[in-house]
There are 2 protein chains.
Amino acid sequence: MPTLLHHPLDPSSRLARLMFAEYGIPVDLEEIKPWLREPQLLELNPAATLPILLDTKIAPAVGCLAVVHAIEERFAPAAIDGLFPADIGLRSEMWRLIEWVIFKLNDEVTRYVLEEKIIKRDSRGATPEPAVLRVAKTNLHEHMLYFNWLFATRPWLAGDTMTLADFALAAHLSTLDYLGDIDWGNAGETRDWYSRIKSRPAFRTLLNDRVVAMPPHKGYADLDF
Amino acid sequence: MPTLLHHPLDPSSRLARLMFAEYGIPVDLEEIKPWLREPQLLELNPAATLPILLDTKIAPAVGCLAVVHAIEERFAPAAIDGLFPADIGLRSEMWRLIEWVIFKLNDEVTRYVLEEKIIKRDSRGATPEPAVLRVAKTNLHEHMLYFNWLFATRPWLAGDTMTLADFALAAHLSTLDYLGDIDWGNAGETRDWYSRIKSRPAFRTLLNDRVVAMPPHKGYADLDF
């Protein structure tokens with residue numbers, strides 16, 4: 001069985017777990033805190049990022065791009081449509097939006113929230129910086145307006161079919177939702193989309209996540225949120 | 001013929017141009033400055049990033065990930081080994097290092113240098129901030145130590161074969177070299193690797209680049225630098 005080194009609130013780890021669950025592939029999860037930069041992690045990945053996929057027969061796949069390609073190539077069942085669509089125009093749109101989520105949304109929102117609310121818990125005396133969280137919130141609002149605009153014209157993030165881009169966005173939004181940073185009352189079309197993707201069997205694994213001494217925000221695990 | 005919207009010093013645009021040149025595919029280059037956020041760019045890409053690949057028959061490919069996948073899938077000649085290697089372990093290592101370059105090296109070095117030296121030229125009264133450039137220089141030194149360590153044990157960035165990861169790193173280092181930010185005298189094994197990749201016919205297009213009122217640093221276009 002493959003092993004995934006992950007953290008429950010790391011969005012790229014969540015993306016990998018969603019792929020495994022969607023494809024019905026069992027995986028051993030081993031939780032680590034990448035920000036502690038422990039030697040065993042740095043040896044596998046000097047960039048100290050997650051996820052890392054270990055497979056006895058093959059060299060490790062390290063980082064978001066390596067892991068999503070490895071799962072798609074090694075574990076997508078031949079009998080079903082994979083998360084990388086066959087249509088080349090749709091595939092380009094999927095990569096555009098994956099880049100939007102894993103670079104831009106991460107750079108402007110998710111990494112600030114994780115730094116302030118999760119990573120700082122392991123630094124003695126460090127407390128979340130309200131000014132940083134306010135900037136992240138303002139940026140998130142702009143992103144949500146863009147996603148609402150997209151979802152007003154298409155059922156899934158990249159078009160007519162669910163793709164890996166939907167899982168990438170769901171991974172980030174579910175992390176932010178765990179921490180109570182999403183205002184679903186004003187989330188418009190994105191709320192409808194999230195409700196649909198949250199109801200998928202693949203999502204259950206994420207909804208059971210619990211971080212020590214940091215329970216999820218109210219409604220996180222409810223399908224009717 | 002496909003059209004590439006690019007900027008000569010944008011590393012992701014350089015990566016796309018290297019791929020086209022390596023595969024021997026002619027492409028129309030249309031230069032834009034993404035930081036001016038002109039309506040014609042924002043309509044194609046609200047993230048205002050480059051490159052953008054336009055093809056009359058297919059929807060545009062927008063951003064680094066969409067464009068490299070589109071070029072590989074649509075334009076790699078069947079007769080030659082492409083830049084995405086067949087071996088799955090090597091392919092994972094390629095994606096790990098592409099992510100290193102386009103996320104980490106960009107985030108810690110390249111984007112600061114471009115912001116201070118290029119983008120600020122278009123803001124009246126803005127001048128490069130020496131403290132920011134010093135941080136970028138210190139960070140670049142750390143990255144070069146890591147690349148030297150890798151190149152001490154393997155001929156190409158991801159292993160025994162040249163892959164897209166080599167082009168990604170060459171795209172970033174050649175932008176930094178144009179601006180005079182690489183100390184080749186202390187670049188160790190990375191200098192030998194750069195000398196080899198710079199000598200490839202595909203690299204010629206980049207060596208002829210000239211940005212208005214900003215000539216390249218001495219040695220930029222010399223194969224014996």
# chains A, B, ... in the order shown; residues from 1 in each chain; ligands from 1
$ closest_atom_pairs --of "chain B" --to "chain A" --cutoff "9 Å" --atoms "only C-alpha atoms" --output "CSV"
residue,atom,partner,partner_atom,distance
B:Asn45,CA,A:Arg96,CA,9.0
B:Pro46,CA,A:Tyr146,CA,9.0
B:Ala47,CA,A:Trp100,CA,7.4
B:Ile58,CA,A:Gly89,CA,6.1
B:Ala59,CA,A:Gly89,CA,5.3
B:Pro60,CA,A:Ser92,CA,7.5
B:Ala61,CA,A:Ser92,CA,5.2
B:Val62,CA,A:Arg96,CA,5.6
B:Gly63,CA,A:Arg96,CA,5.8
B:Cys64,CA,A:Glu99,CA,7.8
B:Leu65,CA,A:Trp95,CA,5.7
B:Ala66,CA,A:Trp95,CA,4.7
B:Val67,CA,A:Ser92,CA,7.5
B:His69,CA,A:Ser92,CA,7.7
B:Ala70,CA,A:Ser92,CA,6.8
B:Glu73,CA,A:Ile88,CA,8.7
B:Arg74,CA,A:Ile88,CA,8.9
B:Ile88,CA,A:Ala70,CA,7.8
B:Gly89,CA,A:Ala59,CA,5.3
B:Leu90,CA,A:Ala59,CA,8.2
B:Arg91,CA,A:Ala66,CA,7.7
B:Ser92,CA,A:Ala66,CA,4.9
B:Glu93,CA,A:Ala61,CA,6.9
B:Met94,CA,A:Ala66,CA,7.7
B:Trp95,CA,A:Ala66,CA,4.7
B:Arg96,CA,A:Ala66,CA,5.5
B:Leu97,CA,A:Ala66,CA,8.9
B:Ile98,CA,A:Leu65,CA,8.4
B:Glu99,CA,A:Leu65,CA,6.7
B:Trp100,CA,A:Ala47,CA,7.4
B:Phe103,CA,A:Phe103,CA,7.6
B:Lys104,CA,A:Ala47,CA,8.0
B:Tyr146,CA,A:Pro46,CA,9.0
$ select_by_dssp --residues "chain A" --states "helix (DSSP H, G or I)" --output "count of residues only"
125
$ atom_distance --atom1 "atom CA of B:His217" --atom2 "atom CA of B:Lys198"
15.4 Å
$ residues_around --residues "B:Ser12" --least-positions-apart "3" --cutoff "7 Å" --atoms "only C-alpha atoms" --output "list in words"
Leu15, Ala16, Leu50, Pro51 and Cys64 of chain B
$ write_last_selection --atoms "N, CA and C atoms" --output "JSON list (two decimals), in the first residue's frame"
[["chain", "number", "residue", "atom", "x", "y", "z"],
["B", 15, "LEU", "N", 10.56, 29.67, -20.53],
["B", 15, "LEU", "CA", 10.41, 28.22, -20.51],
["B", 15, "LEU", "C", 9.61, 27.75, -21.73],
["B", 16, "ALA", "N", 8.50, 28.43, -22.01],
["B", 16, "ALA", "CA", 7.68, 28.06, -23.17],
["B", 16, "ALA", "C", 8.46, 28.24, -24.47],
["B", 50, "LEU", "N", 1.85, 35.51, -17.43],
["B", 50, "LEU", "CA", 2.26, 34.99, -18.73],
["B", 50, "LEU", "C", 2.90, 33.62, -18.51],
["B", 51, "PRO", "N", 3.08, 32.84, -19.58],
["B", 51, "PRO", "CA", 2.71, 33.06, -20.97],
["B", 51, "PRO", "C", 1.25, 32.70, -21.25],
["B", 64, "CYS", "N", 1.70, 29.21, -16.73],
["B", 64, "CYS", "CA", 2.85, 28.32, -16.90],
["B", 64, "CYS", "C", 2.44, 26.85, -17.04]]
$ residues_around --residues "B:Ile182" --least-positions-apart "2" --cutoff "10 Å" --atoms "only C-alpha atoms" --output "PyMOL selection string"
chain B and resi 137+140-141+144+173-180+184-187+191+217
$ residues_around --residues "A:Pro8" --least-positions-apart "6" --cutoff "8 Å" --atoms "only C-alpha atoms" --output "number ranges by chain"
A: 14, 31, 206, 209-211
$ write_last_selection --atoms "C-alpha atoms" --output "compact mmCIF listing (two decimals), in the first residue's frame"
# COMPACT_ATOMS: atom_id res chain seq x y z
CA ARG A 14 -5.81 17.31 1.06
CA GLU A 31 1.01 12.88 9.73
CA LEU A 206 -11.50 15.21 5.09
CA ASP A 209 -10.16 15.37 10.30
CA ARG A 210 -9.49 16.73 13.76
CA VAL A 211 -6.41 18.73 14.71
$ residues_around --residues "B:Glu129" --least-positions-apart "4" --cutoff "9 Å" --atoms "only C-alpha atoms" --output "list of chain:residue names"
B:Glu116, B:Leu133, B:Arg134
$ write_last_selection --atoms "N, CA, C and O atoms" --output "CSV table (one decimal), in the first residue's frame"
chain,number,residue,atom,x,y,z
B,116,GLU,N,11.9,44.8,-8.7
B,116,GLU,CA,12.8,46.0,-8.4
B,116,GLU,C,13.5,46.5,-9.6
B,116,GLU,O,13.6,47.7,-9.8
B,133,LEU,N,16.8,43.8,-2.8
B,133,LEU,CA,17.8,43.1,-3.7
B,133,LEU,C,18.8,42.3,-2.9
B,133,LEU,O,19.3,41.2,-3.4
B,134,ARG,N,19.2,42.8,-1.7
B,134,ARG,CA,20.2,42.1,-0.9
B,134,ARG,C,19.6,40.8,-0.4
B,134,ARG,O,20.2,39.7,-0.4
$ atom_distance --atom1 "atom CA of B:Val101" --atom2 "atom CA of B:Leu207"
20.5 Å
$ closest_residue --among "A:Thr205, A:Ala165, A:Tyr112, A:Glu189" --to "A:Trp149" --atoms "only C-alpha atoms"
A:Glu189
$ select_by_dssp --residues "stretch 13-167 of chain A" --states "strand (DSSP E or B)" --output "number ranges by chain"
A: 28-31, 52-55, 58-62
$ write_last_selection --atoms "N, CA, C and O atoms" --output "PDB file, in the first residue's frame"
ATOM      1  N   ASP A  28      -1.846   4.569   3.262  1.00  0.00           N
ATOM      2  CA  ASP A  28      -1.448   4.791   4.649  1.00  0.00           C
ATOM      3  C   ASP A  28      -1.115   6.259   4.828  1.00  0.00           C
ATOM      4  O   ASP A  28      -0.277   6.791   4.095  1.00  0.00           O
ATOM      5  N   LEU A  29      -1.756   6.896   5.822  1.00  0.00           N
ATOM      6  CA  LEU A  29      -1.476   8.306   6.067  1.00  0.00           C
ATOM      7  C   LEU A  29      -0.530   8.443   7.245  1.00  0.00           C
ATOM      8  O   LEU A  29      -0.770   7.870   8.310  1.00  0.00           O
ATOM      9  N   GLU A  30       0.545   9.187   7.059  1.00  0.00           N
ATOM     10  CA  GLU A  30       1.475   9.454   8.147  1.00  0.00           C
ATOM     11  C   GLU A  30       1.563  10.964   8.330  1.00  0.00           C
ATOM     12  O   GLU A  30       1.972  11.681   7.421  1.00  0.00           O
ATOM     13  N   GLU A  31       1.127  11.429   9.523  1.00  0.00           N
ATOM     14  CA  GLU A  31       1.007  12.875   9.733  1.00  0.00           C
ATOM     15  C   GLU A  31       2.318  13.486  10.196  1.00  0.00           C
ATOM     16  O   GLU A  31       2.951  12.988  11.120  1.00  0.00           O
ATOM     17  N   ILE A  52       4.189  13.991   0.374  1.00  0.00           N
ATOM     18  CA  ILE A  52       5.224  13.111  -0.168  1.00  0.00           C
ATOM     19  C   ILE A  52       4.624  11.714  -0.258  1.00  0.00           C
ATOM     20  O   ILE A  52       4.066  11.215   0.717  1.00  0.00           O
ATOM     21  N   LEU A  53       4.734  11.128  -1.441  1.00  0.00           N
ATOM     22  CA  LEU A  53       4.154   9.807  -1.683  1.00  0.00           C
ATOM     23  C   LEU A  53       5.270   8.782  -1.725  1.00  0.00           C
ATOM     24  O   LEU A  53       6.182   8.875  -2.552  1.00  0.00           O
ATOM     25  N   LEU A  54       5.189   7.810  -0.803  1.00  0.00           N
ATOM     26  CA  LEU A  54       6.195   6.751  -0.750  1.00  0.00           C
ATOM     27  C   LEU A  54       5.584   5.462  -1.258  1.00  0.00           C
ATOM     28  O   LEU A  54       4.475   5.090  -0.875  1.00  0.00           O
ATOM     29  N   ASP A  55       6.346   4.799  -2.095  1.00  0.00           N
ATOM     30  CA  ASP A  55       5.859   3.584  -2.732  1.00  0.00           C
ATOM     31  C   ASP A  55       7.072   2.652  -2.799  1.00  0.00           C
ATOM     32  O   ASP A  55       8.121   3.042  -3.295  1.00  0.00           O
ATOM     33  N   ILE A  58       8.984   2.331  -6.207  1.00  0.00           N
ATOM     34  CA  ILE A  58       9.345   3.486  -7.034  1.00  0.00           C
ATOM     35  C   ILE A  58       9.923   4.592  -6.153  1.00  0.00           C
ATOM     36  O   ILE A  58       9.602   4.680  -4.965  1.00  0.00           O
ATOM     37  N   ALA A  59      10.758   5.435  -6.731  1.00  0.00           N
ATOM     38  CA  ALA A  59      11.313   6.579  -5.990  1.00  0.00           C
ATOM     39  C   ALA A  59      10.163   7.460  -5.479  1.00  0.00           C
ATOM     40  O   ALA A  59       9.095   7.512  -6.092  1.00  0.00           O
ATOM     41  N   PRO A  60      10.362   8.165  -4.356  1.00  0.00           N
ATOM     42  CA  PRO A  60       9.289   8.999  -3.795  1.00  0.00           C
ATOM     43  C   PRO A  60       8.838  10.094  -4.767  1.00  0.00           C
ATOM     44  O   PRO A  60       9.629  10.580  -5.579  1.00  0.00           O
ATOM     45  N   ALA A  61       7.560  10.451  -4.678  1.00  0.00           N
ATOM     46  CA  ALA A  61       7.054  11.624  -5.389  1.00  0.00           C
ATOM     47  C   ALA A  61       6.913  12.726  -4.348  1.00  0.00           C
ATOM     48  O   ALA A  61       6.253  12.541  -3.327  1.00  0.00           O
ATOM     49  N   VAL A  62       7.547  13.867  -4.603  1.00  0.00           N
ATOM     50  CA  VAL A  62       7.716  14.900  -3.581  1.00  0.00           C
ATOM     51  C   VAL A  62       7.112  16.220  -4.038  1.00  0.00           C
ATOM     52  O   VAL A  62       7.505  16.765  -5.075  1.00  0.00           O
TER      53      VAL A  62
END
$ atom_distance --atom1 "atom CA of B:Ala170" --atom2 "atom CA of B:Trp156"
11.3 Å
$ residues_around --residues "A:Gly24" --least-positions-apart "2" --cutoff "12 Å" --atoms "only C-alpha atoms" --output "list in words"
Arg17, Leu18, Met19, Phe20, Ala21, Glu22, Pro26, Val27, Ile71, Phe75, Ala76, Pro77, Ile80, Pro201, Ala202, Phe203 and Thr205 of chain A
$ write_last_selection --atoms "N, CA, C and O atoms" --output "PDB file, in the first residue's frame"
ATOM      1  N   ARG A  17      -5.154  13.418  -0.948  1.00  0.00           N
ATOM      2  CA  ARG A  17      -6.076  12.482  -0.277  1.00  0.00           C
ATOM      3  C   ARG A  17      -7.405  12.396  -1.024  1.00  0.00           C
ATOM      4  O   ARG A  17      -8.003  11.326  -1.128  1.00  0.00           O
ATOM      5  N   LEU A  18      -7.897  13.538  -1.532  1.00  0.00           N
ATOM      6  CA  LEU A  18      -9.139  13.518  -2.321  1.00  0.00           C
ATOM      7  C   LEU A  18      -8.980  12.646  -3.564  1.00  0.00           C
ATOM      8  O   LEU A  18      -9.877  11.885  -3.928  1.00  0.00           O
ATOM      9  N   MET A  19      -7.827  12.750  -4.235  1.00  0.00           N
ATOM     10  CA  MET A  19      -7.603  11.927  -5.431  1.00  0.00           C
ATOM     11  C   MET A  19      -7.625  10.443  -5.084  1.00  0.00           C
ATOM     12  O   MET A  19      -8.289   9.650  -5.756  1.00  0.00           O
ATOM     13  N   PHE A  20      -6.884  10.042  -4.034  1.00  0.00           N
ATOM     14  CA  PHE A  20      -6.878   8.635  -3.636  1.00  0.00           C
ATOM     15  C   PHE A  20      -8.291   8.162  -3.306  1.00  0.00           C
ATOM     16  O   PHE A  20      -8.709   7.077  -3.705  1.00  0.00           O
ATOM     17  N   ALA A  21      -9.041   8.973  -2.554  1.00  0.00           N
ATOM     18  CA  ALA A  21     -10.394   8.573  -2.156  1.00  0.00           C
ATOM     19  C   ALA A  21     -11.304   8.463  -3.380  1.00  0.00           C
ATOM     20  O   ALA A  21     -12.089   7.519  -3.505  1.00  0.00           O
ATOM     21  N   GLU A  22     -11.195   9.418  -4.288  1.00  0.00           N
ATOM     22  CA  GLU A  22     -12.031   9.392  -5.488  1.00  0.00           C
ATOM     23  C   GLU A  22     -11.753   8.132  -6.315  1.00  0.00           C
ATOM     24  O   GLU A  22     -12.659   7.538  -6.893  1.00  0.00           O
ATOM     25  N   PRO A  26      -6.721   2.579  -1.318  1.00  0.00           N
ATOM     26  CA  PRO A  26      -6.331   2.733   0.088  1.00  0.00           C
ATOM     27  C   PRO A  26      -4.904   3.259   0.189  1.00  0.00           C
ATOM     28  O   PRO A  26      -4.041   2.921  -0.628  1.00  0.00           O
ATOM     29  N   VAL A  27      -4.666   4.104   1.192  1.00  0.00           N
ATOM     30  CA  VAL A  27      -3.348   4.705   1.363  1.00  0.00           C
ATOM     31  C   VAL A  27      -3.078   4.850   2.858  1.00  0.00           C
ATOM     32  O   VAL A  27      -3.995   5.139   3.637  1.00  0.00           O
ATOM     33  N   ILE A  71      -0.185  10.156  -8.801  1.00  0.00           N
ATOM     34  CA  ILE A  71      -1.459   9.477  -8.491  1.00  0.00           C
ATOM     35  C   ILE A  71      -2.242   9.261  -9.787  1.00  0.00           C
ATOM     36  O   ILE A  71      -2.758   8.178 -10.052  1.00  0.00           O
ATOM     37  N   PHE A  75      -2.431   5.417 -10.373  1.00  0.00           N
ATOM     38  CA  PHE A  75      -3.564   4.880  -9.611  1.00  0.00           C
ATOM     39  C   PHE A  75      -4.940   5.150 -10.211  1.00  0.00           C
ATOM     40  O   PHE A  75      -5.925   4.628  -9.710  1.00  0.00           O
ATOM     41  N   ALA A  76      -5.057   5.977 -11.259  1.00  0.00           N
ATOM     42  CA  ALA A  76      -6.389   6.227 -11.817  1.00  0.00           C
ATOM     43  C   ALA A  76      -6.887   4.942 -12.476  1.00  0.00           C
ATOM     44  O   ALA A  76      -6.215   4.391 -13.348  1.00  0.00           O
ATOM     45  N   PRO A  77      -8.043   4.424 -12.037  1.00  0.00           N
ATOM     46  CA  PRO A  77      -8.550   3.193 -12.650  1.00  0.00           C
ATOM     47  C   PRO A  77      -8.844   3.420 -14.133  1.00  0.00           C
ATOM     48  O   PRO A  77      -9.388   4.461 -14.511  1.00  0.00           O
ATOM     49  N   ILE A  80     -12.677   4.274 -15.405  1.00  0.00           N
ATOM     50  CA  ILE A  80     -13.453   5.497 -15.192  1.00  0.00           C
ATOM     51  C   ILE A  80     -12.738   6.695 -15.808  1.00  0.00           C
ATOM     52  O   ILE A  80     -11.540   6.647 -16.075  1.00  0.00           O
ATOM     53  N   PRO A 201     -18.639  10.989  -1.804  1.00  0.00           N
ATOM     54  CA  PRO A 201     -18.022  10.051  -0.852  1.00  0.00           C
ATOM     55  C   PRO A 201     -16.538  10.344  -0.615  1.00  0.00           C
ATOM     56  O   PRO A 201     -16.043  10.208   0.512  1.00  0.00           O
ATOM     57  N   ALA A 202     -15.817  10.784  -1.643  1.00  0.00           N
ATOM     58  CA  ALA A 202     -14.377  11.054  -1.495  1.00  0.00           C
ATOM     59  C   ALA A 202     -14.087  12.100  -0.433  1.00  0.00           C
ATOM     60  O   ALA A 202     -12.999  12.142   0.136  1.00  0.00           O
ATOM     61  N   PHE A 203     -15.070  12.963  -0.158  1.00  0.00           N
ATOM     62  CA  PHE A 203     -14.835  14.070   0.774  1.00  0.00           C
ATOM     63  C   PHE A 203     -14.873  13.639   2.232  1.00  0.00           C
ATOM     64  O   PHE A 203     -14.398  14.352   3.110  1.00  0.00           O
ATOM     65  N   THR A 205     -13.361  11.545   4.101  1.00  0.00           N
ATOM     66  CA  THR A 205     -12.098  11.453   4.842  1.00  0.00           C
ATOM     67  C   THR A 205     -11.675  12.822   5.400  1.00  0.00           C
ATOM     68  O   THR A 205     -11.207  12.931   6.528  1.00  0.00           O
TER      69      THR A 205
END
$ decode --residues "stretch 192-203 of chain A" --atoms "all heavy atoms" --output "PDB file, in the first residue's frame"
ATOM      1  N   ASP A 192     -23.004  26.762  -3.582  1.00  0.00           N
ATOM      2  CA  ASP A 192     -23.717  25.660  -4.247  1.00  0.00           C
ATOM      3  C   ASP A 192     -22.734  24.607  -4.747  1.00  0.00           C
ATOM      4  O   ASP A 192     -22.940  23.403  -4.596  1.00  0.00           O
ATOM      5  CB  ASP A 192     -24.542  26.195  -5.429  1.00  0.00           C
ATOM      6  CG  ASP A 192     -25.595  27.191  -4.990  1.00  0.00           C
ATOM      7  OD1 ASP A 192     -25.992  27.147  -3.811  1.00  0.00           O
ATOM      8  OD2 ASP A 192     -26.010  28.022  -5.828  1.00  0.00           O
ATOM      9  N   TRP A 193     -21.657  25.088  -5.372  1.00  0.00           N
ATOM     10  CA  TRP A 193     -20.633  24.160  -5.869  1.00  0.00           C
ATOM     11  C   TRP A 193     -20.007  23.389  -4.704  1.00  0.00           C
ATOM     12  O   TRP A 193     -19.837  22.164  -4.779  1.00  0.00           O
ATOM     13  CB  TRP A 193     -19.562  24.952  -6.646  1.00  0.00           C
ATOM     14  CG  TRP A 193     -18.283  24.216  -6.850  1.00  0.00           C
ATOM     15  CD1 TRP A 193     -17.987  23.340  -7.864  1.00  0.00           C
ATOM     16  CD2 TRP A 193     -17.115  24.259  -6.007  1.00  0.00           C
ATOM     17  NE1 TRP A 193     -16.710  22.852  -7.702  1.00  0.00           N
ATOM     18  CE2 TRP A 193     -16.162  23.398  -6.570  1.00  0.00           C
ATOM     19  CE3 TRP A 193     -16.799  24.957  -4.842  1.00  0.00           C
ATOM     20  CZ2 TRP A 193     -14.901  23.206  -6.007  1.00  0.00           C
ATOM     21  CZ3 TRP A 193     -15.548  24.770  -4.269  1.00  0.00           C
ATOM     22  CH2 TRP A 193     -14.614  23.905  -4.852  1.00  0.00           C
ATOM     23  N   TYR A 194     -19.674  24.098  -3.600  1.00  0.00           N
ATOM     24  CA  TYR A 194     -19.029  23.436  -2.466  1.00  0.00           C
ATOM     25  C   TYR A 194     -19.953  22.394  -1.859  1.00  0.00           C
ATOM     26  O   TYR A 194     -19.512  21.310  -1.461  1.00  0.00           O
ATOM     27  CB  TYR A 194     -18.591  24.459  -1.418  1.00  0.00           C
ATOM     28  CG  TYR A 194     -17.672  23.890  -0.352  1.00  0.00           C
ATOM     29  CD1 TYR A 194     -16.387  23.478  -0.679  1.00  0.00           C
ATOM     30  CD2 TYR A 194     -18.099  23.743   0.963  1.00  0.00           C
ATOM     31  CE1 TYR A 194     -15.535  22.946   0.280  1.00  0.00           C
ATOM     32  CE2 TYR A 194     -17.257  23.213   1.939  1.00  0.00           C
ATOM     33  CZ  TYR A 194     -15.977  22.819   1.588  1.00  0.00           C
ATOM     34  OH  TYR A 194     -15.135  22.279   2.545  1.00  0.00           O
ATOM     35  N   SER A 195     -21.243  22.703  -1.808  1.00  0.00           N
ATOM     36  CA  SER A 195     -22.216  21.755  -1.274  1.00  0.00           C
ATOM     37  C   SER A 195     -22.225  20.470  -2.106  1.00  0.00           C
ATOM     38  O   SER A 195     -22.265  19.362  -1.561  1.00  0.00           O
ATOM     39  CB  SER A 195     -23.589  22.424  -1.283  1.00  0.00           C
ATOM     40  OG  SER A 195     -24.573  21.514  -0.901  1.00  0.00           O
ATOM     41  N   ARG A 196     -22.138  20.630  -3.424  1.00  0.00           N
ATOM     42  CA  ARG A 196     -22.119  19.446  -4.291  1.00  0.00           C
ATOM     43  C   ARG A 196     -20.866  18.607  -4.080  1.00  0.00           C
ATOM     44  O   ARG A 196     -20.910  17.386  -3.965  1.00  0.00           O
ATOM     45  CB  ARG A 196     -22.188  19.870  -5.770  1.00  0.00           C
ATOM     46  CG  ARG A 196     -23.578  19.738  -6.380  1.00  0.00           C
ATOM     47  CD  ARG A 196     -23.565  20.101  -7.848  1.00  0.00           C
ATOM     48  NE  ARG A 196     -23.233  21.507  -8.037  1.00  0.00           N
ATOM     49  CZ  ARG A 196     -22.382  21.958  -8.953  1.00  0.00           C
ATOM     50  NH1 ARG A 196     -21.781  21.136  -9.786  1.00  0.00           N
ATOM     51  NH2 ARG A 196     -22.140  23.247  -9.042  1.00  0.00           N
ATOM     52  N   ILE A 197     -19.697  19.276  -4.034  1.00  0.00           N
ATOM     53  CA  ILE A 197     -18.437  18.518  -3.949  1.00  0.00           C
ATOM     54  C   ILE A 197     -18.254  17.942  -2.540  1.00  0.00           C
ATOM     55  O   ILE A 197     -17.707  16.849  -2.367  1.00  0.00           O
ATOM     56  CB  ILE A 197     -17.250  19.391  -4.425  1.00  0.00           C
ATOM     57  CG1 ILE A 197     -16.116  18.490  -4.909  1.00  0.00           C
ATOM     58  CG2 ILE A 197     -16.794  20.379  -3.373  1.00  0.00           C
ATOM     59  CD1 ILE A 197     -15.113  19.194  -5.792  1.00  0.00           C
ATOM     60  N   LYS A 198     -18.777  18.645  -1.539  1.00  0.00           N
ATOM     61  CA  LYS A 198     -18.679  18.166  -0.157  1.00  0.00           C
ATOM     62  C   LYS A 198     -19.498  16.889   0.055  1.00  0.00           C
ATOM     63  O   LYS A 198     -19.204  16.095   0.956  1.00  0.00           O
ATOM     64  CB  LYS A 198     -19.185  19.276   0.772  1.00  0.00           C
ATOM     65  CG  LYS A 198     -18.876  19.123   2.235  1.00  0.00           C
ATOM     66  CD  LYS A 198     -19.363  20.362   2.997  1.00  0.00           C
ATOM     67  CE  LYS A 198     -19.085  20.285   4.480  1.00  0.00           C
ATOM     68  NZ  LYS A 198     -19.579  21.475   5.198  1.00  0.00           N
ATOM     69  N   SER A 199     -20.531  16.688  -0.744  1.00  0.00           N
ATOM     70  CA  SER A 199     -21.402  15.515  -0.610  1.00  0.00           C
ATOM     71  C   SER A 199     -20.802  14.264  -1.256  1.00  0.00           C
ATOM     72  O   SER A 199     -21.356  13.177  -1.122  1.00  0.00           O
ATOM     73  CB  SER A 199     -22.764  15.785  -1.260  1.00  0.00           C
ATOM     74  OG  SER A 199     -23.352  16.919  -0.684  1.00  0.00           O
ATOM     75  N   ARG A 200     -19.725  14.409  -1.981  1.00  0.00           N
ATOM     76  CA  ARG A 200     -19.139  13.235  -2.633  1.00  0.00           C
ATOM     77  C   ARG A 200     -18.529  12.306  -1.581  1.00  0.00           C
ATOM     78  O   ARG A 200     -17.916  12.764  -0.616  1.00  0.00           O
ATOM     79  CB  ARG A 200     -18.041  13.643  -3.612  1.00  0.00           C
ATOM     80  CG  ARG A 200     -18.535  14.445  -4.787  1.00  0.00           C
ATOM     81  CD  ARG A 200     -17.401  14.740  -5.737  1.00  0.00           C
ATOM     82  NE  ARG A 200     -17.047  13.594  -6.545  1.00  0.00           N
ATOM     83  CZ  ARG A 200     -17.707  13.226  -7.634  1.00  0.00           C
ATOM     84  NH1 ARG A 200     -18.761  13.902  -8.044  1.00  0.00           N
ATOM     85  NH2 ARG A 200     -17.339  12.158  -8.315  1.00  0.00           N
ATOM     86  N   PRO A 201     -18.639  10.989  -1.804  1.00  0.00           N
ATOM     87  CA  PRO A 201     -18.022  10.051  -0.852  1.00  0.00           C
ATOM     88  C   PRO A 201     -16.538  10.344  -0.615  1.00  0.00           C
ATOM     89  O   PRO A 201     -16.043  10.208   0.512  1.00  0.00           O
ATOM     90  CB  PRO A 201     -18.211   8.688  -1.543  1.00  0.00           C
ATOM     91  CG  PRO A 201     -19.426   8.874  -2.408  1.00  0.00           C
ATOM     92  CD  PRO A 201     -19.417  10.308  -2.848  1.00  0.00           C
ATOM     93  N   ALA A 202     -15.817  10.784  -1.643  1.00  0.00           N
ATOM     94  CA  ALA A 202     -14.377  11.054  -1.495  1.00  0.00           C
ATOM     95  C   ALA A 202     -14.087  12.100  -0.433  1.00  0.00           C
ATOM     96  O   ALA A 202     -12.999  12.142   0.136  1.00  0.00           O
ATOM     97  CB  ALA A 202     -13.785  11.506  -2.837  1.00  0.00           C
ATOM     98  N   PHE A 203     -15.070  12.963  -0.158  1.00  0.00           N
ATOM     99  CA  PHE A 203     -14.835  14.070   0.774  1.00  0.00           C
ATOM    100  C   PHE A 203     -14.873  13.639   2.232  1.00  0.00           C
ATOM    101  O   PHE A 203     -14.398  14.352   3.110  1.00  0.00           O
ATOM    102  CB  PHE A 203     -15.881  15.168   0.529  1.00  0.00           C
ATOM    103  CG  PHE A 203     -15.276  16.546   0.469  1.00  0.00           C
ATOM    104  CD1 PHE A 203     -14.679  16.995  -0.694  1.00  0.00           C
ATOM    105  CD2 PHE A 203     -15.281  17.388   1.566  1.00  0.00           C
ATOM    106  CE1 PHE A 203     -14.109  18.246  -0.761  1.00  0.00           C
ATOM    107  CE2 PHE A 203     -14.714  18.649   1.515  1.00  0.00           C
ATOM    108  CZ  PHE A 203     -14.130  19.084   0.352  1.00  0.00           C
TER     109      PHE A 203
END
